[in-house]
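Asks: What follows is coords-v2.cif, made up of mmCIF, C-alpha atoms and all ligand atoms:
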data_protein
loop_
_atom_site.group_PDB
_atom_site.id
_atom_site.type_symbol
_atom_site.label_atom_id
_atom_site.label_comp_id
_atom_site.auth_asym_id
_atom_site.auth_seq_id
_atom_site.Cartn_x
_atom_site.Cartn_y
_atom_site.Cartn_z
ATOM 1 C CA MET K 686 51.645 -54.747 -2.506
ATOM 2 C CA LYS K 687 54.455 -55.503 -4.874
ATOM 3 C CA CYS K 688 55.566 -52.680 -7.111
ATOM 4 C CA ARG K 689 58.566 -52.206 -9.303
ATOM 5 C CA ARG K 690 60.746 -49.179 -9.776
ATOM 6 C CA ILE K 691 60.396 -47.644 -13.246
ATOM 7 C CA PRO K 692 63.559 -48.316 -15.228
ATOM 8 C CA ALA K 693 65.423 -45.174 -16.202
ATOM 9 C CA SER K 694 65.442 -46.450 -19.775
ATOM 10 C CA LEU K 695 61.620 -46.382 -19.854
ATOM 11 C CA LEU K 696 61.543 -42.785 -18.588
ATOM 12 C CA PHE K 697 64.047 -41.906 -21.295
ATOM 13 C CA TYR K 698 61.842 -43.569 -23.928
ATOM 14 C CA TRP K 699 58.768 -41.593 -22.850
ATOM 15 C CA THR K 700 60.763 -38.376 -22.892
ATOM 16 C CA ALA K 701 62.295 -39.092 -26.292
ATOM 17 C CA ALA K 702 58.906 -40.099 -27.749
ATOM 18 C CA GLY K 703 57.415 -36.846 -26.472
ATOM 19 C CA LEU K 704 60.194 -34.722 -27.896
ATOM 20 C CA SER K 705 60.222 -36.424 -31.287
ATOM 21 C CA ALA K 706 56.439 -36.443 -31.861
ATOM 22 C CA GLY K 707 56.467 -32.799 -32.951
ATOM 23 C CA HIS K 708 58.608 -33.676 -35.966
ATOM 24 C CA ALA K 709 56.878 -36.871 -37.039
ATOM 25 C CA SER K 710 54.578 -35.538 -39.780
ATOM 26 C CA ALA K 711 56.978 -34.609 -42.561
ATOM 27 C CA ALA K 712 54.798 -35.898 -45.439
ATOM 28 C CA ALA K 713 51.598 -34.080 -46.354
ATOM 29 C CA VAL K 714 48.253 -35.859 -45.876
ATOM 30 C CA LEU K 715 47.454 -34.671 -49.426
ATOM 31 C CA ALA K 716 49.270 -32.266 -51.741
ATOM 32 C CA VAL K 717 47.650 -31.296 -55.064
ATOM 33 C CA ASP K 718 49.169 -29.439 -58.038
ATOM 34 C CA PHE K 719 46.475 -27.866 -60.265
ATOM 35 C CA GLY K 720 47.330 -27.484 -63.942
ATOM 36 C CA ARG K 721 46.272 -27.700 -67.591
ATOM 37 C CA ASN K 722 45.736 -30.628 -69.958
ATOM 38 C CA ASP K 723 43.984 -29.807 -73.237
ATOM 39 C CA SER K 724 43.409 -33.466 -74.126
ATOM 40 C CA LEU K 725 40.788 -33.755 -71.382
ATOM 41 C CA ALA K 726 37.062 -33.351 -71.960
ATOM 42 C CA LEU K 727 35.386 -30.172 -70.730
ATOM 43 C CA GLY K 728 34.928 -30.269 -66.968
ATOM 44 C CA VAL K 729 36.568 -33.693 -66.569
ATOM 45 C CA ALA K 730 39.616 -33.638 -64.310
ATOM 46 C CA GLY K 731 42.639 -35.874 -64.804
ATOM 47 C CA THR K 732 45.675 -36.661 -62.675
ATOM 48 C CA THR K 733 48.221 -36.272 -65.490
ATOM 49 C CA GLY K 734 48.576 -33.539 -68.005
ATOM 50 C CA GLY K 735 50.387 -31.153 -70.229
ATOM 51 C CA SER K 736 51.953 -28.923 -67.613
ATOM 52 C CA ALA K 737 54.689 -30.268 -65.350
ATOM 53 C CA LEU K 738 53.677 -32.047 -62.131
ATOM 54 C CA LYS K 739 55.666 -31.061 -59.049
ATOM 55 C CA PRO K 740 57.140 -34.207 -57.401
ATOM 56 C CA GLY K 741 55.482 -34.877 -54.050
ATOM 57 C CA PHE K 742 52.163 -33.476 -55.325
ATOM 58 C CA GLN K 743 49.277 -35.243 -57.069
ATOM 59 C CA GLY K 744 47.894 -33.791 -60.274
ATOM 60 C CA PHE K 745 44.499 -32.157 -60.842
ATOM 61 C CA TYR K 746 44.267 -31.031 -64.454
ATOM 62 C CA LEU K 747 41.511 -29.395 -66.490
ATOM 63 C CA THR K 748 41.409 -28.429 -70.121
ATOM 64 C CA GLY K 749 42.111 -24.771 -70.901
ATOM 65 C CA SER K 750 39.342 -22.336 -71.783
ATOM 66 C CA THR K 751 40.632 -21.910 -75.332
ATOM 67 C CA SER K 752 40.075 -25.623 -75.894
ATOM 68 C CA GLY K 753 37.017 -26.275 -73.798
ATOM 69 C CA GLY K 754 34.630 -23.341 -73.911
ATOM 70 C CA ASN K 755 32.716 -22.345 -70.802
ATOM 71 C CA PHE K 756 32.609 -24.660 -67.834
ATOM 72 C CA THR K 757 30.561 -23.547 -64.871
ATOM 73 C CA GLY K 758 30.036 -26.821 -63.015
ATOM 74 C CA VAL K 759 32.023 -28.831 -60.478
ATOM 75 C CA ALA K 760 35.095 -30.913 -61.358
ATOM 76 C CA SER K 761 36.165 -33.602 -58.865
ATOM 77 C CA LEU K 762 38.903 -36.164 -58.364
ATOM 78 C CA THR K 763 39.298 -38.723 -55.565
ATOM 79 C CA TYR K 764 42.742 -39.525 -54.173
ATOM 80 C CA GLY K 765 43.275 -42.809 -52.321
ATOM 81 C CA GLY K 766 45.985 -44.019 -50.001
ATOM 82 C CA ILE K 767 45.087 -41.535 -47.257
ATOM 83 C CA ASP K 768 45.675 -42.670 -43.660
ATOM 84 C CA SER K 769 42.290 -43.637 -42.148
ATOM 85 C CA ILE K 770 42.957 -41.495 -39.085
ATOM 86 C CA TYR K 771 42.320 -38.516 -41.427
ATOM 87 C CA ALA K 772 39.771 -40.039 -43.847
ATOM 88 C CA ALA K 773 37.724 -43.066 -42.754
ATOM 89 C CA ALA K 774 37.468 -44.484 -46.306
ATOM 90 C CA SER K 775 41.189 -43.773 -46.900
ATOM 91 C CA SER K 776 40.408 -41.311 -49.686
ATOM 92 C CA ILE K 777 39.837 -37.576 -50.059
ATOM 93 C CA THR K 778 37.760 -36.068 -52.873
ATOM 94 C CA VAL K 779 38.871 -32.676 -54.202
ATOM 95 C CA SER K 780 36.180 -30.603 -55.944
ATOM 96 C CA ILE K 781 36.625 -27.241 -57.632
ATOM 97 C CA GLN K 782 33.617 -25.176 -58.684
ATOM 98 C CA GLY K 783 33.200 -22.813 -61.615
ATOM 99 C CA ASP K 784 31.167 -19.645 -61.477
ATOM 100 C CA PRO K 785 27.485 -20.096 -62.376
ATOM 101 C CA ASN K 786 27.601 -16.780 -64.258
ATOM 102 C CA THR K 787 28.632 -17.869 -67.769
ATOM 103 C CA ALA K 788 30.096 -14.425 -68.431
ATOM 104 C CA ALA K 789 32.617 -15.305 -65.749
ATOM 105 C CA GLY K 790 32.793 -18.943 -66.765
ATOM 106 C CA SER K 791 35.513 -20.711 -68.703
ATOM 107 C CA MET K 792 36.924 -22.289 -65.557
ATOM 108 C CA GLY K 793 39.881 -24.326 -66.660
ATOM 109 C CA GLY K 794 43.561 -25.129 -66.501
ATOM 110 C CA ARG K 795 46.244 -22.552 -67.202
ATOM 111 C CA ASP K 796 50.024 -22.778 -67.530
ATOM 112 C CA ARG K 797 51.469 -19.276 -66.952
ATOM 113 C CA ASN K 798 55.071 -20.567 -67.404
ATOM 114 C CA ASN K 799 56.220 -18.570 -64.354
ATOM 115 C CA PRO K 800 57.479 -18.358 -61.659
ATOM 116 C CA LEU K 801 60.187 -20.958 -62.311
ATOM 117 C CA ASP K 802 62.617 -22.638 -59.906
ATOM 118 C CA ASN K 803 65.201 -20.139 -58.720
ATOM 119 C CA GLY K 804 67.690 -20.902 -55.931
ATOM 120 C CA ALA K 805 65.809 -21.743 -52.731
ATOM 121 C CA PHE K 806 62.500 -21.632 -54.636
ATOM 122 C CA THR K 807 61.898 -25.174 -55.908
ATOM 123 C CA TYR K 808 58.079 -25.179 -56.319
ATOM 124 C CA GLY K 809 58.112 -23.764 -59.871
ATOM 125 C CA ASP K 810 56.337 -26.763 -61.377
ATOM 126 C CA MET K 811 53.535 -26.336 -58.816
ATOM 127 C CA LEU K 812 53.256 -22.528 -58.940
ATOM 128 C CA ARG K 813 53.542 -21.924 -62.688
ATOM 129 C CA ASP K 814 50.190 -23.569 -63.430
ATOM 130 C CA GLY K 815 46.754 -23.627 -61.911
ATOM 131 C CA ILE K 816 43.013 -23.422 -62.413
ATOM 132 C CA ALA K 817 41.520 -20.052 -63.313
ATOM 133 C CA ARG K 818 38.068 -18.510 -63.052
ATOM 134 C CA THR K 819 36.793 -20.563 -60.164
ATOM 135 C CA ARG K 820 33.691 -19.487 -58.339
ATOM 136 C CA LEU K 821 34.131 -16.317 -56.264
ATOM 137 C CA THR K 822 32.516 -16.721 -52.860
ATOM 138 C CA ASN K 823 32.970 -16.168 -49.154
ATOM 139 C CA SER K 824 29.518 -17.399 -48.151
ATOM 140 C CA ALA K 825 29.207 -20.046 -45.459
ATOM 141 C CA GLY K 826 28.409 -23.431 -46.990
ATOM 142 C CA ASP K 827 29.449 -22.329 -50.502
ATOM 143 C CA TYR K 828 32.881 -23.027 -51.984
ATOM 144 C CA SER K 829 35.479 -22.503 -54.678
ATOM 145 C CA LEU K 830 37.435 -25.551 -53.461
ATOM 146 C CA LYS K 831 36.111 -28.440 -51.384
ATOM 147 C CA LEU K 832 37.872 -31.360 -49.690
ATOM 148 C CA SER K 833 35.521 -34.157 -48.642
ATOM 149 C CA GLY K 834 35.772 -37.612 -47.077
ATOM 150 C CA LEU K 835 37.596 -36.326 -44.000
ATOM 151 C CA VAL K 836 36.913 -37.462 -40.458
ATOM 152 C CA PRO K 837 34.311 -34.952 -39.138
ATOM 153 C CA GLY K 838 35.892 -32.522 -36.701
ATOM 154 C CA SER K 839 39.451 -33.389 -37.720
ATOM 155 C CA SER K 840 41.857 -30.439 -37.917
ATOM 156 C CA PHE K 841 44.713 -29.803 -40.330
ATOM 157 C CA SER K 842 47.237 -27.188 -41.320
ATOM 158 C CA LEU K 843 46.406 -26.015 -44.857
ATOM 159 C CA THR K 844 48.715 -24.108 -47.213
ATOM 160 C CA LEU K 845 47.182 -22.602 -50.388
ATOM 161 C CA TRP K 846 49.063 -20.935 -53.256
ATOM 162 C CA THR K 847 47.624 -18.271 -55.584
ATOM 163 C CA ALA K 848 49.877 -16.694 -58.209
ATOM 164 C CA SER K 849 48.797 -15.923 -61.762
ATOM 165 C CA SER K 850 51.874 -14.733 -63.627
ATOM 166 C CA GLY K 851 51.172 -12.422 -66.538
ATOM 167 C CA SER K 852 47.481 -11.989 -65.678
ATOM 168 C CA ASP K 853 45.532 -10.119 -62.996
ATOM 169 C CA SER K 854 48.621 -8.283 -61.781
ATOM 170 C CA ASN K 855 48.297 -6.271 -58.571
ATOM 171 C CA THR K 856 45.249 -8.293 -57.548
ATOM 172 C CA THR K 857 44.758 -9.362 -53.932
ATOM 173 C CA TYR K 858 43.152 -12.736 -53.339
ATOM 174 C CA THR K 859 41.518 -13.363 -49.962
ATOM 175 C CA TRP K 860 40.734 -16.951 -49.044
ATOM 176 C CA TYR K 861 37.957 -17.943 -46.643
ATOM 177 C CA ASP K 862 37.176 -21.049 -44.634
ATOM 178 C CA THR K 863 33.446 -21.466 -45.316
ATOM 179 C CA SER K 864 33.142 -24.928 -43.699
ATOM 180 C CA ILE K 865 31.447 -23.677 -40.534
ATOM 181 C CA GLY K 866 30.434 -20.040 -40.855
ATOM 182 C CA SER K 867 32.877 -17.917 -42.872
ATOM 183 C CA ALA K 868 36.300 -16.800 -41.662
ATOM 184 C CA SER K 869 39.161 -15.176 -43.539
ATOM 185 C CA LEU K 870 42.327 -17.299 -43.818
ATOM 186 C CA GLY K 871 44.416 -14.395 -45.129
ATOM 187 C CA SER K 872 45.312 -12.660 -48.379
ATOM 188 C CA ILE K 873 47.818 -13.189 -51.191
ATOM 189 C CA TYR K 874 49.060 -10.295 -53.326
ATOM 190 C CA ASN K 875 49.580 -11.184 -57.010
ATOM 191 C CA GLY K 876 52.572 -8.938 -57.662
ATOM 192 C CA PRO K 877 54.535 -6.721 -57.855
ATOM 193 C CA GLN K 878 54.278 -7.074 -61.560
ATOM 194 C CA SER K 879 54.174 -4.590 -64.424
ATOM 195 C CA GLY K 880 54.248 -4.522 -68.185
ATOM 196 C CA GLY K 881 53.588 -8.240 -68.400
ATOM 197 C CA ASN K 882 56.795 -9.087 -66.579
ATOM 198 C CA PRO K 883 56.611 -12.606 -65.139
ATOM 199 C CA LEU K 884 56.312 -13.252 -61.430
ATOM 200 C CA THR K 885 59.416 -14.431 -59.567
ATOM 201 C CA ALA K 886 59.583 -16.293 -56.260
ATOM 202 C CA THR K 887 62.423 -16.732 -53.789
ATOM 203 C CA SER K 888 60.757 -19.047 -51.244
ATOM 204 C CA ASN K 889 58.409 -22.025 -51.537
ATOM 205 C CA LEU K 890 55.937 -20.134 -49.329
ATOM 206 C CA ASP K 891 55.790 -17.052 -51.585
ATOM 207 C CA PHE K 892 52.221 -16.358 -52.805
ATOM 208 C CA SER K 893 50.804 -18.664 -50.113
ATOM 209 C CA ILE K 894 48.808 -18.594 -46.909
ATOM 210 C CA THR K 895 48.883 -21.233 -44.150
ATOM 211 C CA SER K 896 46.126 -21.688 -41.593
ATOM 212 C CA ASN K 897 44.525 -24.365 -39.434
ATOM 213 C CA VAL K 898 41.201 -25.689 -40.735
ATOM 214 C CA THR K 899 38.674 -28.158 -39.287
ATOM 215 C CA ALA K 900 36.359 -30.498 -41.196
ATOM 216 C CA ASN K 901 32.661 -29.838 -40.578
ATOM 217 C CA GLY K 902 30.123 -32.432 -39.453
ATOM 218 C CA ASP K 903 29.914 -33.773 -43.025
ATOM 219 C CA GLY K 904 33.677 -34.340 -43.136
ATOM 220 C CA GLU K 905 34.175 -31.439 -45.538
ATOM 221 C CA ILE K 906 36.543 -28.490 -45.649
ATOM 222 C CA LEU K 907 35.015 -25.706 -47.776
ATOM 223 C CA LEU K 908 37.180 -22.852 -49.066
ATOM 224 C CA GLY K 909 36.156 -19.741 -50.953
ATOM 225 C CA VAL K 910 38.143 -16.997 -52.663
ATOM 226 C CA ILE K 911 37.326 -13.311 -53.261
ATOM 227 C CA VAL K 912 39.378 -10.852 -55.360
ATOM 228 C CA ASP K 913 39.768 -7.132 -54.719
ATOM 229 C CA SER K 914 39.775 -6.253 -58.423
ATOM 230 C CA ASN K 915 36.056 -7.008 -58.764
ATOM 231 C CA SER K 916 36.982 -9.007 -61.860
ATOM 232 C CA ALA K 917 34.706 -12.014 -62.145
ATOM 233 C CA THR K 918 37.430 -13.831 -64.083
ATOM 234 C CA ALA K 919 40.343 -13.295 -61.687
ATOM 235 C CA ALA K 920 40.040 -16.265 -59.302
ATOM 236 C CA PHE K 921 43.001 -18.647 -59.419
ATOM 237 C CA ILE K 922 44.519 -21.532 -57.474
ATOM 238 C CA ASN K 923 47.866 -23.209 -58.111
ATOM 239 C CA GLY K 924 47.962 -25.927 -55.477
ATOM 240 C CA PHE K 925 47.574 -26.830 -51.824
ATOM 241 C CA GLU K 926 49.107 -28.936 -49.084
ATOM 242 C CA LEU K 927 46.972 -30.464 -46.336
ATOM 243 C CA ASN K 928 49.193 -31.367 -43.394
ATOM 244 C CA ALA K 929 48.618 -33.034 -40.043
ATOM 245 C CA ILE K 930 48.936 -30.657 -37.125
ATOM 246 C CA PRO K 931 52.018 -31.806 -35.173
ATOM 247 C CA GLU K 932 51.098 -33.469 -31.925
ATOM 248 C CA PRO K 933 51.987 -31.366 -28.895
ATOM 249 C CA SER K 934 55.251 -32.874 -27.745
ATOM 250 C CA ALA K 935 55.114 -30.981 -24.432
ATOM 251 C CA ALA K 936 51.723 -32.558 -23.615
ATOM 252 C CA LEU K 937 53.079 -36.034 -24.325
ATOM 253 C CA LEU K 938 56.075 -35.315 -22.152
ATOM 254 C CA LEU K 939 53.818 -34.218 -19.289
ATOM 255 C CA ALA K 940 51.700 -37.361 -19.765
ATOM 256 C CA GLY K 941 54.838 -39.478 -19.490
ATOM 257 C CA LEU K 942 55.935 -37.706 -16.330
ATOM 258 C CA SER K 943 52.479 -38.011 -14.721
ATOM 259 C CA MET K 944 52.483 -41.740 -15.495
ATOM 260 C CA ALA K 945 55.857 -41.960 -13.801
ATOM 261 C CA ALA K 946 54.505 -40.075 -10.778
ATOM 262 C CA GLY K 947 51.555 -42.468 -10.645
ATOM 263 C CA PHE K 948 53.849 -45.488 -10.568
ATOM 264 C CA ARG K 949 55.874 -43.889 -7.790
ATOM 265 C CA ARG K 950 52.744 -43.149 -5.714
ATOM 266 C CA ARG K 951 51.639 -46.786 -6.026
ATOM 267 C CA ARG K 952 55.072 -47.858 -4.914
ATOM 268 C CA ALA K 953 54.970 -45.673 -1.769
HETATM 269 CA CA CA K 1001 49.901 -25.905 -60.163
HETATM 270 CA CA CA K 1002 52.191 -28.219 -62.199
#
Represent the structure from my file as structure tokens, please.
Ligand SMILES: [Ca+2]
Ligand SMILES: [Ca+2]
Replies:
Amino acid sequence: MKCRRIPASLLFYWTAAGLSAGHASAAAVLAVDFGRNDSLALGVAGTTGGSALKPGFQGFYLTGSTSGGNFTGVASLTYGGIDSIYAAASSITVSIQGDPNTAAGSMGGRDRNNPLDNGAFTYGDMLRDGIARTRLTNSAGDYSLKLSGLVPGSSFSLTLWTASSGSDSNTTYTWYDTSIGSASLGSIYNGPQSGGNPLTATSNLDFSITSNVTANGDGEILLGVIVDSNSATAAFINGFELNAIPEPSAALLLAGLSMAAGFRRRRA
């Protein structure tokens, strides 16, 4: 049986491909910057608005409570151009839900004007604004924020930011993955802050949590937030990044080596 020796260059290619795969996913699958635009109708979300959009993010704006009254429903926007390996229809729909209790209502956009870019912190335009008074929940199947249209069972690394400068100081926000059951993703402390002093940030990951999440059988990632202040109006979200989980370069390297071993066995 005629077999050929594996060229050294091919072995090098497999090795290099394995080593580089862990650094291949620099761009986010979807990054959204929540903010305020008072020219929008109540409960209708828009992609452009009055508060600055952070480059690299897509906008999700709602009118502010002082312009729109109470909004207790669900606001949604669909973002296209998503790789079909993550979303079969190449789009992801982002939905954010107000609280059904109208006393806690008035979900809408806010621009807190802080924290601003400062040295290594360059996410000021994302973190200064957000959507306030979302639904408070950690119940399985319920949500404050929902991502839908994903490939069922697909996993991602998710980073969420919650900082509400000048409001709800010393509040701790705990985020939950409510897609399948309910599991805490971690907590964000909205402070230290006193006397109305604005929040400051020194890193783009300040006021954030990062965790792996998996889409349920309906292709949805459900996320809920609870606050420790027991204030029904305290919920807030500034933005999120949904990233691919880097492929395990070591596994690819082992696969390449086992293929090489297989060729050698056939040759023997
Ligand atoms: Ca924002
Ligand atoms: Ca913004």
Asks: If the PyMOL selection byres (((chain K and resi 763-774) around 12) and not hetatm) were run on this exact file, what residues would it hold? Put them as number ranges by chain.
Replies: K: 712-717, 730-732, 742-745, 760-762, 775-781, 831-841, 899-900, 903-905, 927-930
Asks: Give me, as JSON lines, the closest atom pair and its distance (Å, one decimal) for every residue of chain K within a cut-off of 10 Å of ligand CA 1001 (chain K), counting only C-alpha atoms and all ligand atoms, rows sorted by chain and rising number.
Replies:
{"residue": "K:Val717", "atom": "CA", "partner": "K:CA1001", "partner_atom": "CA", "distance": 7.8}
{"residue": "K:Asp718", "atom": "CA", "partner": "K:CA1001", "partner_atom": "CA", "distance": 4.2}
{"residue": "K:Phe719", "atom": "CA", "partner": "K:CA1001", "partner_atom": "CA", "distance": 3.9}
{"residue": "K:Gly720", "atom": "CA", "partner": "K:CA1001", "partner_atom": "CA", "distance": 4.8}
{"residue": "K:Arg721", "atom": "CA", "partner": "K:CA1001", "partner_atom": "CA", "distance": 8.5}
{"residue": "K:Ser736", "atom": "CA", "partner": "K:CA1001", "partner_atom": "CA", "distance": 8.3}
{"residue": "K:Ala737", "atom": "CA", "partner": "K:CA1001", "partner_atom": "CA", "distance": 8.3}
{"residue": "K:Leu738", "atom": "CA", "partner": "K:CA1001", "partner_atom": "CA", "distance": 7.5}
{"residue": "K:Lys739", "atom": "CA", "partner": "K:CA1001", "partner_atom": "CA", "distance": 7.8}
{"residue": "K:Phe742", "atom": "CA", "partner": "K:CA1001", "partner_atom": "CA", "distance": 9.3}
{"residue": "K:Gln743", "atom": "CA", "partner": "K:CA1001", "partner_atom": "CA", "distance": 9.9}
{"residue": "K:Gly744", "atom": "CA", "partner": "K:CA1001", "partner_atom": "CA", "distance": 8.1}
{"residue": "K:Phe745", "atom": "CA", "partner": "K:CA1001", "partner_atom": "CA", "distance": 8.3}
{"residue": "K:Tyr746", "atom": "CA", "partner": "K:CA1001", "partner_atom": "CA", "distance": 8.7}
{"residue": "K:Gly794", "atom": "CA", "partner": "K:CA1001", "partner_atom": "CA", "distance": 9.0}
{"residue": "K:Arg795", "atom": "CA", "partner": "K:CA1001", "partner_atom": "CA", "distance": 8.6}
{"residue": "K:Asp796", "atom": "CA", "partner": "K:CA1001", "partner_atom": "CA", "distance": 8.0}
{"residue": "K:Arg797", "atom": "CA", "partner": "K:CA1001", "partner_atom": "CA", "distance": 9.6}
{"residue": "K:Tyr808", "atom": "CA", "partner": "K:CA1001", "partner_atom": "CA", "distance": 9.1}
{"residue": "K:Gly809", "atom": "CA", "partner": "K:CA1001", "partner_atom": "CA", "distance": 8.5}
{"residue": "K:Asp810", "atom": "CA", "partner": "K:CA1001", "partner_atom": "CA", "distance": 6.6}
{"residue": "K:Met811", "atom": "CA", "partner": "K:CA1001", "partner_atom": "CA", "distance": 3.9}
{"residue": "K:Leu812", "atom": "CA", "partner": "K:CA1001", "partner_atom": "CA", "distance": 4.9}
{"residue": "K:Arg813", "atom": "CA", "partner": "K:CA1001", "partner_atom": "CA", "distance": 6.0}
{"residue": "K:Asp814", "atom": "CA", "partner": "K:CA1001", "partner_atom": "CA", "distance": 4.0}
{"residue": "K:Gly815", "atom": "CA", "partner": "K:CA1001", "partner_atom": "CA", "distance": 4.3}
{"residue": "K:Ile816", "atom": "CA", "partner": "K:CA1001", "partner_atom": "CA", "distance": 7.7}
{"residue": "K:Trp846", "atom": "CA", "partner": "K:CA1001", "partner_atom": "CA", "distance": 8.6}
{"residue": "K:Thr847", "atom": "CA", "partner": "K:CA1001", "partner_atom": "CA", "distance": 9.2}
{"residue": "K:Ala848", "atom": "CA", "partner": "K:CA1001", "partner_atom": "CA", "distance": 9.4}
{"residue": "K:Ile922", "atom": "CA", "partner": "K:CA1001", "partner_atom": "CA", "distance": 7.4}
{"residue": "K:Asn923", "atom": "CA", "partner": "K:CA1001", "partner_atom": "CA", "distance": 4.0}
{"residue": "K:Gly924", "atom": "CA", "partner": "K:CA1001", "partner_atom": "CA", "distance": 5.1}
{"residue": "K:Phe925", "atom": "CA", "partner": "K:CA1001", "partner_atom": "CA", "distance": 8.7}
Asks: Report as a count of residues only all protein, DNA and RNA residues lying within 12 Å of Ala825 of chain K, evaluated on all atoms listed in the file, omitting residues in the same chain fewer than 5 positions from it.
Replies: 15
Asks: Could you tell me how far atom CA of Ala817 of chain K sits from atom CA of Gly741 of chain K, in Å to one decimal place?
Replies: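 Taking atom CA of Gly741 of chain K as the start and atom CA of Ala817 of chain K as the end point, the length is 22.4 Å.
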Asks: Give me, as a list in words, all polymer residues having an atom no more than 7 Å from Thr856 of chain K, counting all atoms listed in the file and skipping those fewer than 6 positions away in the same chain.
Replies: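 Once the adjacent positions are removed, what remains is Tyr874, Asn875, Val912, Asp913 and Ser914 of chain K.
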Asks: I'd like the interatomic distance between atom CA of Asn855 of chain K and atom CA of Asn755 of chain K, to a tenth of an Å.
Replies: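 Going from atom CA of Asn855 of chain K over to atom CA of Asn755 of chain K, I get 25.5 Å.
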Asks: Report the distance between atom CA of Leu821 of chain K and atom CA of Leu884 of chain K in Å, rounded to one decimal place.
Replies: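 Computed distance, atom CA of Leu821 of chain K to atom CA of Leu884 of chain K, equals 23.0 Å.
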Asks: Give me the residues near Gly728 of chain K as a VMD selection string, where near means some atom within 10 Å (using all atoms listed in the file) and where sequence neighbours in that chain fewer than 6 positions away do not count.
Replies: chain K and resid 746 to 749 753 to 761 781 to 783 791 to 793
Asks: Quick one: residues within 10 Å of Pro883 of chain K, only C-alpha atoms, excluding same-chain residues fewer than 3 positions away - as a list in words?
Replies: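 Residues near the query, excluding close chain neighbours: Arg797, Asn798, Asn799, Pro800, Leu801, Ser849, Ser850, Gly851, Ser852, Ser854, Gly876, Pro877, Gln878, Ser879 and Gly880 of chain K.
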